[in-house]
>>> print(open('model03.tsv').read())   # TSV, C-alpha atoms and all ligand atoms
chain	number	residue	atom	x	y	z
A	55	MET	CA	0.00	0.00	0.00
A	56	GLN	CA	3.01	2.21	0.49
A	57	LEU	CA	3.64	1.93	-3.25
A	58	ALA	CA	0.01	2.71	-4.11
A	59	LEU	CA	-0.54	5.73	-1.86
A	60	THR	CA	2.91	7.35	-1.83
A	61	ARG	CA	4.23	6.57	-5.33
A	62	ARG	CA	1.55	5.59	-7.87
A	63	HIS	CA	-0.64	8.26	-6.26
A	64	ARG	CA	0.77	10.77	-3.76
A	65	LEU	CA	-2.05	11.03	-1.26
A	66	ARG	CA	-2.48	14.51	0.17
A	67	PRO	CA	-4.07	15.20	3.57
A	68	GLY	CA	-7.79	15.86	3.22
A	69	GLU	CA	-8.25	13.83	0.04
A	70	THR	CA	-11.25	11.52	0.10
A	71	VAL	CA	-10.27	7.86	-0.36
A	72	LEU	CA	-12.77	5.08	-1.10
A	73	VAL	CA	-11.37	1.66	-0.18
A	74	LEU	CA	-13.17	-1.32	-1.73
A	75	GLY	CA	-12.90	-4.75	-0.05
A	76	ALA	CA	-12.00	-3.03	3.23
A	77	GLY	CA	-12.42	-6.31	5.14
A	78	GLY	CA	-9.64	-7.97	3.14
A	79	ALA	CA	-5.85	-7.81	3.52
A	80	ILE	CA	-5.20	-5.15	0.87
A	81	GLY	CA	-8.26	-3.17	1.96
A	82	ARG	CA	-7.19	-3.14	5.60
A	83	ALA	CA	-3.72	-1.92	4.69
A	84	ALA	CA	-5.25	0.77	2.46
A	85	VAL	CA	-7.53	2.06	5.23
A	86	ASP	CA	-4.62	2.09	7.71
A	87	VAL	CA	-2.16	3.89	5.42
A	88	ALA	CA	-4.68	6.35	3.95
A	89	SER	CA	-5.92	7.29	7.41
A	90	ALA	CA	-2.33	7.78	8.66
A	91	LEU	CA	-1.52	10.01	5.66
A	92	GLY	CA	-4.44	12.28	6.55
A	93	GLY	CA	-6.99	11.00	4.04
A	94	ARG	CA	-10.74	11.11	4.66
A	95	VAL	CA	-11.41	7.42	4.23
A	96	ILE	CA	-14.56	5.52	3.30
A	97	ALA	CA	-14.04	1.84	4.14
A	98	ALA	CA	-16.51	-0.13	1.99
A	99	GLY	CA	-17.23	-3.78	2.70
A	100	SER	CA	-19.82	-6.44	2.04
A	101	SER	CA	-21.11	-6.43	5.63
A	102	ARG	CA	-20.78	-4.37	8.80
A	103	GLY	CA	-18.93	-7.22	10.51
A	104	ARG	CA	-16.15	-7.21	7.91
A	105	ILE	CA	-15.38	-3.49	8.26
A	106	GLU	CA	-16.14	-2.97	11.97
A	107	TRP	CA	-12.41	-3.26	12.74
A	108	ALA	CA	-11.90	0.22	11.19
A	109	ALA	CA	-14.56	1.97	13.31
A	110	ASP	CA	-12.04	3.60	15.67
A	111	ARG	CA	-9.59	4.77	12.97
A	112	ALA	CA	-9.10	8.53	12.52
A	113	GLY	CA	-11.03	10.04	9.63
A	114	VAL	CA	-12.66	6.74	8.63
A	115	ASP	CA	-16.35	6.27	7.77
A	116	LEU	CA	-17.77	2.78	7.27
A	117	LEU	CA	-19.88	1.95	4.22
A	118	ASP	CA	-21.78	-1.32	4.68
A	119	LEU	CA	-22.71	-2.40	1.16
A	120	SER	CA	-25.34	-4.82	2.47
A	121	ALA	CA	-27.27	-1.81	3.78
A	122	SER	CA	-26.79	0.68	0.94
A	123	GLY	CA	-25.54	0.68	-2.64
A	124	LEU	CA	-22.09	2.09	-3.37
A	125	ALA	CA	-23.33	5.17	-5.23
A	126	ASP	CA	-25.89	6.13	-2.56
A	127	GLY	CA	-23.46	5.50	0.28
A	128	VAL	CA	-20.73	7.57	-1.35
A	129	ARG	CA	-23.20	10.39	-2.10
A	130	ASP	CA	-24.16	10.53	1.59
A	131	LEU	CA	-20.64	10.31	2.98
A	132	ALA	CA	-18.79	12.36	0.34
A	133	PRO	CA	-21.20	14.65	-1.54
A	134	GLY	CA	-18.26	16.23	-3.41
A	135	GLY	CA	-17.19	12.83	-4.79
A	136	ILE	CA	-14.14	10.67	-4.23
A	137	ASP	CA	-10.57	11.76	-4.95
A	138	VAL	CA	-8.98	8.30	-4.87
A	139	VAL	CA	-10.39	4.78	-5.19
A	140	VAL	CA	-8.29	1.86	-3.89
A	141	ASP	CA	-9.63	-1.15	-5.77
A	142	PRO	CA	-8.49	-4.73	-5.05
A	143	VAL	CA	-11.96	-6.11	-5.94
A	144	GLY	CA	-12.81	-5.27	-9.57
A	145	GLY	CA	-16.14	-6.31	-11.10
A	146	PRO	CA	-19.27	-4.12	-11.10
A	147	LEU	CA	-18.18	-2.44	-7.86
A	148	ALA	CA	-15.11	-1.05	-9.64
A	149	SER	CA	-17.21	0.42	-12.47
A	150	GLU	CA	-19.54	2.06	-9.94
A	151	ALA	CA	-16.57	3.44	-8.00
A	152	LEU	CA	-15.09	5.00	-11.14
A	153	LYS	CA	-18.39	6.84	-11.69
A	154	SER	CA	-18.20	8.15	-8.10
A	155	LEU	CA	-14.81	9.79	-8.69
A	156	ALA	CA	-14.67	13.57	-8.43
A	157	PRO	CA	-13.15	15.56	-11.32
A	158	PHE	CA	-9.38	14.86	-11.58
A	159	GLY	CA	-9.88	11.78	-9.35
A	160	THR	CA	-7.69	8.66	-9.52
A	161	HIS	CA	-8.78	5.01	-9.56
A	162	LEU	CA	-6.00	2.71	-8.35
A	163	VAL	CA	-6.38	-0.82	-9.78
A	164	LEU	CA	-4.77	-3.39	-7.44
A	165	GLY	CA	-6.55	-6.66	-8.10
A	166	PHE	CA	-9.69	-8.58	-8.95
A	167	ALA	CA	-10.76	-10.48	-5.83
A	168	SER	CA	-14.30	-10.68	-7.27
A	169	GLY	CA	-12.91	-12.75	-10.15
A	170	ASP	CA	-14.22	-10.22	-12.66
A	171	ILE	CA	-11.87	-7.85	-14.53
A	172	PRO	CA	-13.84	-4.65	-15.11
A	173	ARG	CA	-13.93	-2.96	-18.52
A	174	PHE	CA	-13.81	0.82	-18.16
A	175	GLY	CA	-15.17	2.88	-21.05
A	176	ALA	CA	-12.67	5.51	-22.22
A	177	ASN	CA	-15.53	8.03	-22.00
A	178	ARG	CA	-15.69	7.42	-18.24
A	179	VAL	CA	-12.02	8.37	-17.96
A	180	LEU	CA	-12.18	11.31	-20.36
A	181	ILE	CA	-15.17	12.95	-18.71
A	182	ALA	CA	-13.97	15.17	-15.86
A	183	ASN	CA	-10.27	14.30	-16.31
A	184	LYS	CA	-10.21	11.04	-14.39
A	185	THR	CA	-7.14	8.78	-14.19
A	186	VAL	CA	-6.94	4.99	-13.93
A	187	VAL	CA	-3.61	3.80	-12.50
A	188	GLY	CA	-2.24	0.25	-12.25
A	189	VAL	CA	-0.44	-0.77	-9.06
A	190	ASP	CA	1.65	-3.94	-9.38
A	191	LEU	CA	4.07	-4.35	-6.48
A	192	GLY	CA	5.83	-7.40	-7.95
A	193	HIS	CA	6.57	-5.61	-11.21
A	194	ALA	CA	7.69	-2.42	-9.46
A	195	LEU	CA	10.13	-4.34	-7.26
A	196	GLY	CA	11.58	-6.16	-10.28
A	197	HIS	CA	11.92	-2.85	-12.13
A	198	ASP	CA	13.77	-1.14	-9.25
A	199	PRO	CA	15.57	-3.58	-6.92
A	200	THR	CA	16.22	-0.82	-4.33
A	201	LEU	CA	12.52	-0.04	-3.97
A	202	ALA	CA	11.70	-2.93	-1.60
A	203	GLU	CA	14.16	-1.70	1.01
A	204	ARG	CA	12.89	1.89	0.79
A	205	LEU	CA	9.23	0.90	1.02
A	206	MET	CA	9.89	-1.50	3.88
A	207	SER	CA	11.92	1.01	5.89
A	208	GLU	CA	9.19	3.64	5.45
A	209	VAL	CA	6.55	1.17	6.63
A	210	LEU	CA	8.60	-0.06	9.60
A	211	GLU	CA	9.37	3.52	10.63
A	212	ALA	CA	5.66	4.44	10.45
A	213	VAL	CA	4.69	1.33	12.44
A	214	SER	CA	7.29	1.94	15.16
A	215	ALA	CA	6.23	5.61	15.39
A	216	GLY	CA	2.60	4.44	15.83
A	217	ARG	CA	1.36	6.16	12.65
A	218	TYR	CA	0.53	2.87	10.92
A	219	ARG	CA	-1.45	0.39	12.99
A	220	PRO	CA	-1.63	-2.83	10.94
A	221	CYS	CA	-4.27	-5.31	12.09
A	222	GLU	CA	-2.71	-8.14	14.06
A	223	PRO	CA	-3.28	-11.54	12.45
A	224	ALA	CA	-5.24	-14.20	14.31
A	225	GLU	CA	-3.39	-17.41	15.15
A	226	CYS	CA	-4.43	-21.01	14.65
A	227	GLU	CA	-2.90	-24.46	14.98
A	228	LEU	CA	-1.78	-26.19	11.80
A	229	GLU	CA	-4.51	-28.85	12.17
A	230	ASP	CA	-7.18	-26.12	12.23
A	231	VAL	CA	-6.14	-24.71	8.83
A	232	PRO	CA	-8.83	-26.57	6.80
A	233	GLY	CA	-11.57	-25.10	9.01
A	234	VAL	CA	-10.04	-21.63	8.79
A	235	LEU	CA	-9.84	-21.91	4.99
A	236	ALA	CA	-13.50	-22.99	4.89
A	237	ASP	CA	-14.44	-19.93	7.02
A	238	ILE	CA	-12.51	-17.65	4.63
A	239	GLU	CA	-14.22	-19.29	1.64
A	240	ARG	CA	-17.64	-18.70	3.25
A	241	GLY	CA	-16.70	-15.10	4.06
A	242	SER	CA	-17.35	-15.68	7.77
A	243	ARG	CA	-13.75	-14.83	8.67
A	244	SER	CA	-11.77	-11.74	7.62
A	245	GLY	CA	-8.23	-10.58	8.33
A	246	GLN	CA	-5.05	-12.60	8.17
A	247	VAL	CA	-4.39	-15.83	10.02
A	248	VAL	CA	-1.01	-17.28	10.98
A	249	ALA	CA	-0.78	-21.06	11.31
A	250	THR	CA	1.57	-22.11	14.10
A	251	ILE	CA	3.73	-25.18	13.53
A	252	ARG	CA	4.91	-26.47	16.89
A	253	GLY	CA	8.16	-28.44	17.06
A	254	SER	CA	8.11	-32.00	18.41
A	255	THR	CA	9.09	-32.24	22.08
A	256	GLY	CA	9.73	-36.00	21.98
B	1	LIG	N1	-1.39	-5.17	-7.09
B	1	LIG	C1	-0.63	-5.75	-6.20
B	1	LIG	O1	0.57	-5.46	-6.07
B	1	LIG	C2	-1.25	-6.80	-5.31
B	1	LIG	C3	-0.59	-7.29	-4.18
B	1	LIG	C4	-1.23	-8.25	-3.40
B	1	LIG	C5	-2.49	-8.71	-3.76
B	1	LIG	N2	-3.10	-8.22	-4.88
B	1	LIG	C6	-4.44	-8.66	-5.29
B	1	LIG	O2	-5.41	-7.91	-4.58
B	1	LIG	C7	-6.62	-8.68	-4.50
B	1	LIG	C8	-7.11	-8.69	-3.06
B	1	LIG	O3	-6.15	-9.35	-2.24
B	1	LIG	P1	-6.41	-9.50	-0.69
B	1	LIG	O4	-5.18	-10.15	-0.14
B	1	LIG	O5	-6.88	-8.22	-0.11
B	1	LIG	O6	-7.61	-10.56	-0.66
B	1	LIG	P2	-8.62	-10.85	0.52
B	1	LIG	O7	-7.96	-10.65	1.84
B	1	LIG	O8	-9.24	-12.16	0.21
B	1	LIG	O9	-9.72	-9.70	0.36
B	1	LIG	C9	-10.46	-9.56	-0.82
B	1	LIG	C10	-11.68	-8.70	-0.55
B	1	LIG	O10	-12.38	-8.56	-1.77
B	1	LIG	C11	-13.76	-8.49	-1.54
B	1	LIG	N3	-14.53	-9.33	-2.47
B	1	LIG	C12	-15.56	-8.90	-3.23
B	1	LIG	N4	-16.06	-9.86	-3.98
B	1	LIG	C13	-15.37	-10.96	-3.66
B	1	LIG	C14	-15.45	-12.30	-4.10
B	1	LIG	N5	-16.33	-12.70	-5.04
B	1	LIG	N6	-14.58	-13.17	-3.56
B	1	LIG	C15	-13.67	-12.79	-2.65
B	1	LIG	N7	-13.54	-11.51	-2.20
B	1	LIG	C16	-14.39	-10.61	-2.71
B	1	LIG	C17	-13.99	-8.92	-0.09
B	1	LIG	O11	-14.39	-7.73	0.51
B	1	LIG	P3	-15.34	-7.64	1.80
B	1	LIG	O12	-14.41	-7.72	2.94
B	1	LIG	O13	-16.00	-6.37	1.61
B	1	LIG	O14	-16.29	-8.81	1.75
B	1	LIG	C18	-12.63	-9.36	0.42
B	1	LIG	O15	-12.37	-8.90	1.74
B	1	LIG	C19	-6.29	-10.06	-5.06
B	1	LIG	O16	-6.77	-10.09	-6.39
B	1	LIG	C20	-4.77	-10.11	-5.03
B	1	LIG	O17	-4.26	-10.94	-6.04
B	1	LIG	C21	-2.51	-7.28	-5.63
>>> encode(input="model03.tsv", output="C-alpha cells", more="lines below")
Ligand SMILES: NC(=O)c1ccc[n+]([C@@H]2O[C@H](COP(=O)([O-])OP(=O)(O)OC[C@H]3O[C@@H](n4cnc5c(N)ncnc54)[C@H](OP(=O)(O)O)[C@@H]3O)[C@@H](O)[C@H]2O)c1
Amino acid sequence: MQLALTRRHRLRPGETVLVLGAGGAIGRAAVDVASALGGRVIAAGSSRGRIEWAADRAGVDLLDLSASGLADGVRDLAPGGIDVVVDPVGGPLASEALKSLAPFGTHLVLGFASGDIPRFGANRVLIANKTVVGVDLGHALGHDPTLAERLMSEVLEAVSAGRYRPCEPAECELEDVPGVLADIERGSRSGQVVATIRGSTG
C-alpha cells in the first residue's frame, strides 16, 4: 500500500479515499495507510462485521454495502465525490466506483478479488479528467531492486512511530487450517491468520 498511496498516487491530507474490499488484507492496509496520511477514508465492505475493525480509525467512515448501494453510500458520505479509489476487488463495484470519482480523481487498480476484470469505457475516464492507474508491487520491485528496502523502511518507521497500525493476524494451529480456509471461503472470517507449527518435544 506504500507503493500505491505514496508513489503511484501521492495522497495529500484531506483527500477523500474510497477503499473497496475493506475487510480484506489489501483493503485493511489501504484504510490504515490512507488514514495515517491524513486522508478522509470511506471503508466499503460487504457487511458491517467485515469493516467494523476500522470503526475507531481517525477520519474513517464505514460503508456497509449490504445496507446501501455504493453510489448512494458515497453520495451521503462524500457529496463532493471521491478523490482516490483503492480497488483490489474489480467487477461491477469497480465500475460504480469510477463513476463516483470527483473531477481529476484517480482510480488505483490493485486486483480482482471478485474474479471479474472490469472494462472501463474511455468516455468514463475522459469525462472530468479522471485517471486509472495500475499498481503492481511485484513488477515495481523487479523494475527497481532498491525499492523494496525503501518501502519496507518507510513502513517499519511508520509502524514503530505508531502512525501505521496494521491489524494483528489471528493465530491457529496447523490442524485447524482446513476449518479456517472454509471460514474464509464462506466469508465468515476476515483478516489474516497465521498457522503455528509447533516443534516435536519427543
Ligand atoms: N497489485 C498488487 O501489487 C497486489 C498485491 C497483493 C495482492 N493483490 C491482489 O489484490 C486482491 C485482493 O487481495 P487481498 O489479499 O486483499 O484478498 P482478501 O484478503 O481475500 O480480500 C479480498 C476482498 O475482496 C472483496 N470481495 C468482493 N467480492 C469478492 C469475491 N467474489 N470473492 C472474494 N472476495 C471478494 C472482499 O471484501 P469484503 O471484505 O468487503 O467482503 C474481500 O475482503 C487479489 O486479487 C490479489 O491478487 C494485488
>>> closest_atom_pairs(input="model03.tsv", of="chain A", to="ligand LIG 1 (chain B)", cutoff="9 Å", atoms="all atoms listed in the file", output="CSV")
residue,atom,partner,partner_atom,distance
A:Met55,CA,B:LIG1,O1,8.2
A:Leu57,CA,B:LIG1,O1,8.5
A:Ala58,CA,B:LIG1,O1,8.4
A:Leu74,CA,B:LIG1,O13,6.7
A:Gly75,CA,B:LIG1,O11,3.4
A:Ala76,CA,B:LIG1,O12,5.3
A:Gly77,CA,B:LIG1,O12,3.3
A:Gly78,CA,B:LIG1,O15,3.2
A:Ala79,CA,B:LIG1,O5,3.8
A:Ile80,CA,B:LIG1,O5,3.6
A:Gly81,CA,B:LIG1,O5,5.6
A:Arg82,CA,B:LIG1,O5,7.6
A:Ala83,CA,B:LIG1,O5,8.5
A:Ala97,CA,B:LIG1,O13,8.8
A:Ala98,CA,B:LIG1,O13,6.3
A:Gly99,CA,B:LIG1,O13,3.1
A:Ser100,CA,B:LIG1,O13,3.8
A:Ser101,CA,B:LIG1,O13,6.5
A:Arg102,CA,B:LIG1,O13,8.9
A:Gly103,CA,B:LIG1,O12,8.8
A:Arg104,CA,B:LIG1,O12,5.3
A:Ile105,CA,B:LIG1,O12,6.9
A:Asp118,CA,B:LIG1,O13,8.3
A:Leu119,CA,B:LIG1,O13,7.8
A:Asp141,CA,B:LIG1,O2,8.1
A:Pro142,CA,B:LIG1,C7,4.4
A:Val143,CA,B:LIG1,O10,4.9
A:Gly144,CA,B:LIG1,C12,7.8
A:Gly145,CA,B:LIG1,N4,8.0
A:Leu147,CA,B:LIG1,C12,8.4
A:Val163,CA,B:LIG1,N1,7.1
A:Leu164,CA,B:LIG1,N1,3.8
A:Gly165,CA,B:LIG1,O16,3.8
A:Phe166,CA,B:LIG1,O16,4.2
A:Ala167,CA,B:LIG1,O16,4.0
A:Ser168,CA,B:LIG1,N5,3.6
A:Gly169,CA,B:LIG1,N5,6.1
A:Asp170,CA,B:LIG1,N5,8.3
A:Gly188,CA,B:LIG1,N1,7.5
A:Val189,CA,B:LIG1,N1,4.9
A:Asp190,CA,B:LIG1,O1,3.8
A:Leu191,CA,B:LIG1,O1,3.7
A:Gly192,CA,B:LIG1,O1,5.9
A:His193,CA,B:LIG1,O1,7.9
A:Ala194,CA,B:LIG1,O1,8.5
A:Ile238,CA,B:LIG1,O8,7.8
A:Glu239,CA,B:LIG1,C15,7.8
A:Gly241,CA,B:LIG1,O14,6.7
A:Ser244,CA,B:LIG1,O15,6.6
A:Gly245,CA,B:LIG1,O7,6.5
A:Gln246,CA,B:LIG1,O7,7.2
>>> axis_aligned_box(input="model03.tsv", around="region 131-140 of chain A", padding_each_side="3 Å", output="JSON")
{"center_x": -14.7, "center_y": 9.0, "center_z": -1.1, "size_x": 18.9, "size_y": 20.4, "size_z": 14.2}
>>> closest_residue(input="model03.tsv", among="A:Pro146, A:Gly253, A:Pro67, A:Gly134", to="Phe174 (chain A)", atoms="only C-alpha atoms")
A:Pro146
>>> closest_residue(input="model03.tsv", among="A:Leu117, A:Ser149, A:Gly159, A:Ala84", to="Thr60 (chain A)", atoms="only C-alpha atoms")
A:Ala84
>>> atom_distance(input="model03.tsv", atom1="CA of Val139 (chain A)", atom2="CA of Leu162 (chain A)")
5.8 Å
>>> atom_distance(input="model03.tsv", atom1="CA of Ala176 (chain A)", atom2="CA of Ala151 (chain A)")
14.9 Å
>>> atom_distance(input="model03.tsv", atom1="CA of Asp115 (chain A)", atom2="CA of Ile96 (chain A)")
4.9 Å
>>> closest_residue(input="model03.tsv", among="A:Ala182, A:Ala236, A:Ile171, A:Leu155", to="Gly135 (chain A)", atoms="only C-alpha atoms")
A:Leu155
>>> residues_around(input="model03.tsv", residues="Arg204 (chain A)", least_positions_apart="5", cutoff="12 Å", atoms="only C-alpha atoms", output="list in words")
Gln56, Leu57, Thr60, Arg61, Leu195, Asp198, Pro199, Val209, Leu210 and Glu211 of chain A
>>> write_last_selection(input="model03.tsv", atoms="C-alpha atoms", output="short mmCIF file (atom, residue, chain, number, x, y, z; two decimals), in the coordinates of the input")
data_model
loop_
_atom_site.label_atom_id
_atom_site.label_comp_id
_atom_site.auth_asym_id
_atom_site.auth_seq_id
_atom_site.Cartn_x
_atom_site.Cartn_y
_atom_site.Cartn_z
CA GLN A 56 3.01 2.21 0.49
CA LEU A 57 3.64 1.93 -3.25
CA THR A 60 2.91 7.35 -1.83
CA ARG A 61 4.23 6.57 -5.33
CA LEU A 195 10.13 -4.34 -7.26
CA ASP A 198 13.77 -1.14 -9.25
CA PRO A 199 15.57 -3.58 -6.92
CA VAL A 209 6.55 1.17 6.63
CA LEU A 210 8.60 -0.06 9.60
CA GLU A 211 9.37 3.52 10.63
#
>>> residues_around(input="model03.tsv", residues="Gly93 (chain A)", least_positions_apart="4", cutoff="6 Å", atoms="all atoms listed in the file", output="PDB file with C-alpha atoms, in the coordinates of the input")
ATOM      1  CA  PRO A  67      -4.070  15.200   3.570  1.00  0.00           C
ATOM      2  CA  GLY A  68      -7.790  15.860   3.220  1.00  0.00           C
ATOM      3  CA  GLU A  69      -8.250  13.830   0.040  1.00  0.00           C
ATOM      4  CA  THR A  70     -11.250  11.520   0.100  1.00  0.00           C
ATOM      5  CA  ALA A  88      -4.680   6.350   3.950  1.00  0.00           C
ATOM      6  CA  SER A  89      -5.920   7.290   7.410  1.00  0.00           C
TER       7      SER A  89
END
>>> residues_around(input="model03.tsv", residues="Leu91 (chain A)", least_positions_apart="5", cutoff="9 Å", atoms="all atoms listed in the file", output="list in words")
Leu59, Leu65, Arg66, Pro67, Gly68, Asp86 and Arg217 of chain A
>>> residues_near_point(input="model03.tsv", point="(-8.7, 12.1, 14.4)", cutoff="9 Å", atoms="all atoms listed in the file", output="list in words")
Ser89, Gly92, Arg111, Ala112, Gly113 and Val114 of chain A
>>> decode(input="model03.tsv", residues="region 106-196 of chain A", atoms="C-alpha atoms", output="PDB file, in the first residue's frame")
ATOM      1  CA  GLU A 106     -16.144  -2.970  11.967  1.00  0.00           C
ATOM      2  CA  TRP A 107     -12.415  -3.258  12.735  1.00  0.00           C
ATOM      3  CA  ALA A 108     -11.900   0.224  11.193  1.00  0.00           C
ATOM      4  CA  ALA A 109     -14.556   1.968  13.305  1.00  0.00           C
ATOM      5  CA  ASP A 110     -12.036   3.603  15.667  1.00  0.00           C
ATOM      6  CA  ARG A 111      -9.595   4.771  12.974  1.00  0.00           C
ATOM      7  CA  ALA A 112      -9.104   8.530  12.524  1.00  0.00           C
ATOM      8  CA  GLY A 113     -11.033  10.044   9.632  1.00  0.00           C
ATOM      9  CA  VAL A 114     -12.665   6.740   8.627  1.00  0.00           C
ATOM     10  CA  ASP A 115     -16.348   6.275   7.765  1.00  0.00           C
ATOM     11  CA  LEU A 116     -17.771   2.784   7.275  1.00  0.00           C
ATOM     12  CA  LEU A 117     -19.878   1.945   4.220  1.00  0.00           C
ATOM     13  CA  ASP A 118     -21.777  -1.318   4.676  1.00  0.00           C
ATOM     14  CA  LEU A 119     -22.706  -2.395   1.156  1.00  0.00           C
ATOM     15  CA  SER A 120     -25.341  -4.825   2.473  1.00  0.00           C
ATOM     16  CA  ALA A 121     -27.269  -1.807   3.778  1.00  0.00           C
ATOM     17  CA  SER A 122     -26.792   0.681   0.942  1.00  0.00           C
ATOM     18  CA  GLY A 123     -25.545   0.682  -2.643  1.00  0.00           C
ATOM     19  CA  LEU A 124     -22.087   2.094  -3.366  1.00  0.00           C
ATOM     20  CA  ALA A 125     -23.325   5.174  -5.230  1.00  0.00           C
ATOM     21  CA  ASP A 126     -25.891   6.128  -2.563  1.00  0.00           C
ATOM     22  CA  GLY A 127     -23.463   5.499   0.284  1.00  0.00           C
ATOM     23  CA  VAL A 128     -20.730   7.574  -1.351  1.00  0.00           C
ATOM     24  CA  ARG A 129     -23.198  10.386  -2.103  1.00  0.00           C
ATOM     25  CA  ASP A 130     -24.163  10.525   1.591  1.00  0.00           C
ATOM     26  CA  LEU A 131     -20.643  10.313   2.980  1.00  0.00           C
ATOM     27  CA  ALA A 132     -18.793  12.360   0.340  1.00  0.00           C
ATOM     28  CA  PRO A 133     -21.195  14.649  -1.536  1.00  0.00           C
ATOM     29  CA  GLY A 134     -18.256  16.227  -3.409  1.00  0.00           C
ATOM     30  CA  GLY A 135     -17.187  12.835  -4.794  1.00  0.00           C
ATOM     31  CA  ILE A 136     -14.145  10.665  -4.234  1.00  0.00           C
ATOM     32  CA  ASP A 137     -10.571  11.765  -4.952  1.00  0.00           C
ATOM     33  CA  VAL A 138      -8.980   8.300  -4.872  1.00  0.00           C
ATOM     34  CA  VAL A 139     -10.390   4.775  -5.187  1.00  0.00           C
ATOM     35  CA  VAL A 140      -8.292   1.858  -3.890  1.00  0.00           C
ATOM     36  CA  ASP A 141      -9.631  -1.154  -5.767  1.00  0.00           C
ATOM     37  CA  PRO A 142      -8.487  -4.726  -5.051  1.00  0.00           C
ATOM     38  CA  VAL A 143     -11.960  -6.112  -5.937  1.00  0.00           C
ATOM     39  CA  GLY A 144     -12.813  -5.272  -9.571  1.00  0.00           C
ATOM     40  CA  GLY A 145     -16.142  -6.307 -11.103  1.00  0.00           C
ATOM     41  CA  PRO A 146     -19.272  -4.121 -11.100  1.00  0.00           C
ATOM     42  CA  LEU A 147     -18.177  -2.436  -7.858  1.00  0.00           C
ATOM     43  CA  ALA A 148     -15.109  -1.055  -9.644  1.00  0.00           C
ATOM     44  CA  SER A 149     -17.209   0.420 -12.467  1.00  0.00           C
ATOM     45  CA  GLU A 150     -19.540   2.059  -9.941  1.00  0.00           C
ATOM     46  CA  ALA A 151     -16.569   3.436  -8.002  1.00  0.00           C
ATOM     47  CA  LEU A 152     -15.094   5.005 -11.143  1.00  0.00           C
ATOM     48  CA  LYS A 153     -18.387   6.835 -11.687  1.00  0.00           C
ATOM     49  CA  SER A 154     -18.201   8.149  -8.099  1.00  0.00           C
ATOM     50  CA  LEU A 155     -14.809   9.791  -8.692  1.00  0.00           C
ATOM     51  CA  ALA A 156     -14.673  13.574  -8.427  1.00  0.00           C
ATOM     52  CA  PRO A 157     -13.147  15.562 -11.317  1.00  0.00           C
ATOM     53  CA  PHE A 158      -9.382  14.856 -11.576  1.00  0.00           C
ATOM     54  CA  GLY A 159      -9.880  11.782  -9.345  1.00  0.00           C
ATOM     55  CA  THR A 160      -7.689   8.661  -9.517  1.00  0.00           C
ATOM     56  CA  HIS A 161      -8.781   5.010  -9.560  1.00  0.00           C
ATOM     57  CA  LEU A 162      -5.999   2.705  -8.346  1.00  0.00           C
ATOM     58  CA  VAL A 163      -6.378  -0.822  -9.777  1.00  0.00           C
ATOM     59  CA  LEU A 164      -4.774  -3.390  -7.439  1.00  0.00           C
ATOM     60  CA  GLY A 165      -6.551  -6.657  -8.103  1.00  0.00           C
ATOM     61  CA  PHE A 166      -9.689  -8.582  -8.951  1.00  0.00           C
ATOM     62  CA  ALA A 167     -10.764 -10.475  -5.830  1.00  0.00           C
ATOM     63  CA  SER A 168     -14.299 -10.681  -7.268  1.00  0.00           C
ATOM     64  CA  GLY A 169     -12.911 -12.753 -10.146  1.00  0.00           C
ATOM     65  CA  ASP A 170     -14.217 -10.219 -12.657  1.00  0.00           C
ATOM     66  CA  ILE A 171     -11.865  -7.855 -14.531  1.00  0.00           C
ATOM     67  CA  PRO A 172     -13.840  -4.647 -15.109  1.00  0.00           C
ATOM     68  CA  ARG A 173     -13.927  -2.962 -18.516  1.00  0.00           C
ATOM     69  CA  PHE A 174     -13.814   0.819 -18.163  1.00  0.00           C
ATOM     70  CA  GLY A 175     -15.174   2.881 -21.052  1.00  0.00           C
ATOM     71  CA  ALA A 176     -12.674   5.513 -22.221  1.00  0.00           C
ATOM     72  CA  ASN A 177     -15.525   8.027 -22.001  1.00  0.00           C
ATOM     73  CA  ARG A 178     -15.694   7.425 -18.239  1.00  0.00           C
ATOM     74  CA  VAL A 179     -12.025   8.370 -17.964  1.00  0.00           C
ATOM     75  CA  LEU A 180     -12.175  11.311 -20.356  1.00  0.00           C
ATOM     76  CA  ILE A 181     -15.168  12.949 -18.712  1.00  0.00           C
ATOM     77  CA  ALA A 182     -13.966  15.172 -15.859  1.00  0.00           C
ATOM     78  CA  ASN A 183     -10.270  14.301 -16.314  1.00  0.00           C
ATOM     79  CA  LYS A 184     -10.212  11.036 -14.389  1.00  0.00           C
ATOM     80  CA  THR A 185      -7.141   8.781 -14.185  1.00  0.00           C
ATOM     81  CA  VAL A 186      -6.938   4.985 -13.930  1.00  0.00           C
ATOM     82  CA  VAL A 187      -3.606   3.799 -12.505  1.00  0.00           C
ATOM     83  CA  GLY A 188      -2.245   0.253 -12.253  1.00  0.00           C
ATOM     84  CA  VAL A 189      -0.435  -0.771  -9.060  1.00  0.00           C
ATOM     85  CA  ASP A 190       1.649  -3.943  -9.383  1.00  0.00           C
ATOM     86  CA  LEU A 191       4.074  -4.352  -6.484  1.00  0.00           C
ATOM     87  CA  GLY A 192       5.833  -7.405  -7.953  1.00  0.00           C
ATOM     88  CA  HIS A 193       6.573  -5.613 -11.211  1.00  0.00           C
ATOM     89  CA  ALA A 194       7.687  -2.421  -9.460  1.00  0.00           C
ATOM     90  CA  LEU A 195      10.134  -4.342  -7.259  1.00  0.00           C
ATOM     91  CA  GLY A 196      11.579  -6.157 -10.282  1.00  0.00           C
TER      92      GLY A 196
END
